[in-house]
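Single-structure report; data block below.
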Amino acid sequence: MGFERSDRGERGDRFEAPTYEKIKVQDQDLHYKNVELLKKCIGGQGQMFSRRRTGLSAQRQRILKQAIKRARHLALLPFVE
Amino acid sequence: MSRTYEIMYLLDNNVVRAGWKEAKAGATGLIEKHGGKVLAARRWDERMLAYPIRQRRRATYLLAYGELDAAGVAGLRRELDLTESVLRYLILSAESVPAEELALTQAESAADFVIPLPPEDRIDEDYDDEEAEEGAGEPELDEATVPAAEPAGEEA
């Protein structure tokens, strides 16, 4: 979805939502012991990334959420940093 | 009816340092105590915690698989809550024991298998660092407070 140059107005400052690289995972990889993967799905302050950031399906995002919460309980991931 | 459960323990490094076999037996023995059967148990990792738990910055993870019935799980949870050597635990139901876990358990039970000793918890050093930083900042604070204190002295 791009805009023609002529659509942008003179200053060319039309807002475009940032795009993120999708995380490529298998279902069996989404578990609390896979800390390296889970680290990619949390931000600098420890917050989970939204589906827009992770690019996961709703079902997989739910599995990811559960995995992150389990990892936090075992101090593998921070609650907040 | 008994089910297979995956149980992850977070063990106190002081207990691990005293002897890995004893620490492991103490943790897995609880499964048997509550009418269960230990299918596999191995050291998963020793690492820095994301946040301190009971003043520990590091701890050892023990991953075990066991067969328990529902009442046994409830009893195990109750006892783990009271066990001081276990900092945290996580009990999940599992469909079966992965083959690699069985292999790793066997490898660990071999006579010549040695667990690396956990490094010293550096919590005291960290506190020292912070104190040292504060100490370095103190002279500046003193200089700032001294001029403020002098006029007060003159008034008095």
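Residues are named by chain letter and number: chains run A, B, ... in the order of the structure tokens, numbers start at 1 in each chain, and ligands are numbered from 1 in the order shown.
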- Message: When DSSP is applied to the backbone of this structure, which of chain A are assigned alpha helix (DSSP H)? Write them out as number ranges by chain.
- Response: A: 35-40, 51-54, 58-73
Can I get the selected residues back with N, CA and C atoms, as an mmCIF file, in the first residue's frame?
```
data_model
loop_
_atom_site.group_PDB
_atom_site.id
_atom_site.type_symbol
_atom_site.label_atom_id
_atom_site.label_comp_id
_atom_site.auth_asym_id
_atom_site.auth_seq_id
_atom_site.Cartn_x
_atom_site.Cartn_y
_atom_site.Cartn_z
ATOM 1 N N VAL A 35 13.804 -19.161 26.034
ATOM 2 C CA VAL A 35 13.932 -17.789 26.532
ATOM 3 C C VAL A 35 14.420 -16.838 25.441
ATOM 4 N N GLU A 36 15.322 -17.347 24.591
ATOM 5 C CA GLU A 36 15.883 -16.471 23.550
ATOM 6 C C GLU A 36 14.785 -15.958 22.624
ATOM 7 N N LEU A 37 13.840 -16.839 22.288
ATOM 8 C CA LEU A 37 12.737 -16.423 21.418
ATOM 9 C C LEU A 37 11.830 -15.438 22.148
ATOM 10 N N LEU A 38 11.509 -15.747 23.397
ATOM 11 C CA LEU A 38 10.583 -14.890 24.147
ATOM 12 C C LEU A 38 11.168 -13.491 24.334
ATOM 13 N N LYS A 39 12.502 -13.419 24.437
ATOM 14 C CA LYS A 39 13.138 -12.113 24.630
ATOM 15 C C LYS A 39 12.885 -11.199 23.439
ATOM 16 N N LYS A 40 12.725 -11.808 22.259
ATOM 17 C CA LYS A 40 12.471 -11.006 21.058
ATOM 18 C C LYS A 40 11.063 -10.424 21.082
ATOM 19 N N ARG A 51 0.230 -7.997 18.759
ATOM 20 C CA ARG A 51 0.203 -8.839 17.548
ATOM 21 C C ARG A 51 0.757 -8.086 16.355
ATOM 22 N N ARG A 52 0.552 -6.771 16.355
ATOM 23 C CA ARG A 52 1.080 -5.992 15.234
ATOM 24 C C ARG A 52 2.595 -6.069 15.210
ATOM 25 N N ARG A 53 3.199 -6.127 16.390
ATOM 26 C CA ARG A 53 4.660 -6.191 16.449
ATOM 27 C C ARG A 53 5.174 -7.606 16.190
ATOM 28 N N THR A 54 4.486 -8.621 16.731
ATOM 29 C CA THR A 54 4.987 -9.982 16.601
ATOM 30 C C THR A 54 4.568 -10.622 15.280
ATOM 31 N N ALA A 58 -3.863 -14.866 16.221
ATOM 32 C CA ALA A 58 -4.452 -14.681 17.550
ATOM 33 C C ALA A 58 -4.167 -15.889 18.427
ATOM 34 N N GLN A 59 -4.268 -17.057 17.819
ATOM 35 C CA GLN A 59 -4.055 -18.289 18.580
ATOM 36 C C GLN A 59 -2.621 -18.385 19.088
ATOM 37 N N ARG A 60 -1.684 -18.091 18.204
ATOM 38 C CA ARG A 60 -0.280 -18.177 18.611
ATOM 39 C C ARG A 60 0.092 -17.080 19.583
ATOM 40 N N GLN A 61 -0.497 -15.919 19.425
ATOM 41 C CA GLN A 61 -0.222 -14.821 20.359
ATOM 42 C C GLN A 61 -0.650 -15.222 21.764
ATOM 43 N N ARG A 62 -1.759 -15.968 21.859
ATOM 44 C CA ARG A 62 -2.256 -16.436 23.151
ATOM 45 C C ARG A 62 -1.268 -17.426 23.772
ATOM 46 N N ILE A 63 -0.714 -18.300 22.926
ATOM 47 C CA ILE A 63 0.277 -19.259 23.423
ATOM 48 C C ILE A 63 1.522 -18.509 23.888
ATOM 49 N N LEU A 64 1.908 -17.496 23.103
ATOM 50 C CA LEU A 64 3.078 -16.687 23.461
ATOM 51 C C LEU A 64 2.860 -15.981 24.790
ATOM 52 N N LYS A 65 1.657 -15.445 24.972
ATOM 53 C CA LYS A 65 1.332 -14.727 26.213
ATOM 54 C C LYS A 65 1.523 -15.655 27.410
ATOM 55 N N GLN A 66 0.976 -16.847 27.281
ATOM 56 C CA GLN A 66 1.083 -17.821 28.375
ATOM 57 C C GLN A 66 2.551 -18.155 28.651
ATOM 58 N N ALA A 67 3.321 -18.335 27.573
ATOM 59 C CA ALA A 67 4.732 -18.694 27.726
ATOM 60 C C ALA A 67 5.496 -17.576 28.429
ATOM 61 N N ILE A 68 5.230 -16.325 28.054
ATOM 62 C CA ILE A 68 5.936 -15.197 28.668
ATOM 63 C C ILE A 68 5.583 -15.116 30.146
ATOM 64 N N LYS A 69 4.314 -15.338 30.470
ATOM 65 C CA LYS A 69 3.905 -15.247 31.878
ATOM 66 C C LYS A 69 4.548 -16.350 32.708
ATOM 67 N N ARG A 70 4.663 -17.530 32.133
ATOM 68 C CA ARG A 70 5.326 -18.621 32.862
ATOM 69 C C ARG A 70 6.800 -18.317 33.053
ATOM 70 N N ALA A 71 7.427 -17.787 32.016
ATOM 71 C CA ALA A 71 8.855 -17.464 32.107
ATOM 72 C C ALA A 71 9.091 -16.372 33.140
ATOM 73 N N ARG A 72 8.162 -15.424 33.255
ATOM 74 C CA ARG A 72 8.307 -14.363 34.249
ATOM 75 C C ARG A 72 8.219 -14.929 35.654
ATOM 76 N N HIS A 73 7.327 -15.867 35.851
ATOM 77 C CA HIS A 73 7.152 -16.466 37.176
ATOM 78 C C HIS A 73 8.447 -17.141 37.632
#
```
Closest-contact table, chain B side, partner chain A, 7 Å, counting only C-alpha atoms, as CSV:
```
residue,atom,partner,partner_atom,distance
B:Leu49,CA,A:Ala75,CA,5.3
B:Ala50,CA,A:Ala75,CA,4.9
B:Tyr51,CA,A:Ala75,CA,6.1
B:Arg88,CA,A:Leu74,CA,6.3
```
Selection to disk with N, CA and C atoms, as a short mmCIF file (atom, residue, chain, number, x, y, z; two decimals), in the first residue's frame:
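out_27.cif written:
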```cif
data_model
loop_
_atom_site.label_atom_id
_atom_site.label_comp_id
_atom_site.auth_asym_id
_atom_site.auth_seq_id
_atom_site.Cartn_x
_atom_site.Cartn_y
_atom_site.Cartn_z
N LEU B 49 19.05 -14.60 37.63
CA LEU B 49 17.61 -14.39 37.64
C LEU B 49 17.28 -13.01 37.06
N ALA B 50 16.11 -12.92 36.47
CA ALA B 50 15.71 -11.63 35.89
C ALA B 50 15.41 -10.61 36.99
N TYR B 51 15.07 -11.11 38.16
CA TYR B 51 14.86 -10.23 39.31
C TYR B 51 15.20 -11.05 40.55
N ARG B 88 11.08 -21.20 43.56
CA ARG B 88 9.86 -21.14 42.75
C ARG B 88 9.66 -22.50 42.13
#
```
- Any idea what the distance is between atom CA of B:Leu62 and atom CA of B:Ala103? 15.3 Å
- Query: So how many Å separate atom CA of B:Lys37 and atom CA of B:Pro118, to one decimal?
  - Reply: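 Computed distance, atom CA of B:Lys37 to atom CA of B:Pro118, equals 28.1 Å.
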Compile the contact shell of B:Glu95 as a JSON list (two decimals) with C-alpha atoms, in the first residue's frame: residues with an atom at most 10 Å away, counting only C-alpha atoms, same-chain residues fewer than 3 positions apart removed.
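As written to disk, selection17.json reads:
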```json
[["chain", "number", "residue", "atom", "x", "y", "z"],
["B", 3, "ARG", "CA", -1.19, -38.03, 34.72],
["B", 4, "THR", "CA", 2.25, -37.00, 33.56],
["B", 5, "TYR", "CA", 3.43, -33.62, 34.79],
["B", 6, "GLU", "CA", 6.35, -31.43, 33.92],
["B", 92, "LEU", "CA", 2.37, -28.23, 34.00],
["B", 98, "PRO", "CA", 10.23, -36.16, 25.60]]
```
- Item | Atomic distance atom CA of B:Gly72 - atom CA of B:Gly35, expressed in Å with one decimal |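 Separating atom CA of B:Gly72 from atom CA of B:Gly35 is a distance of 6.1 Å.
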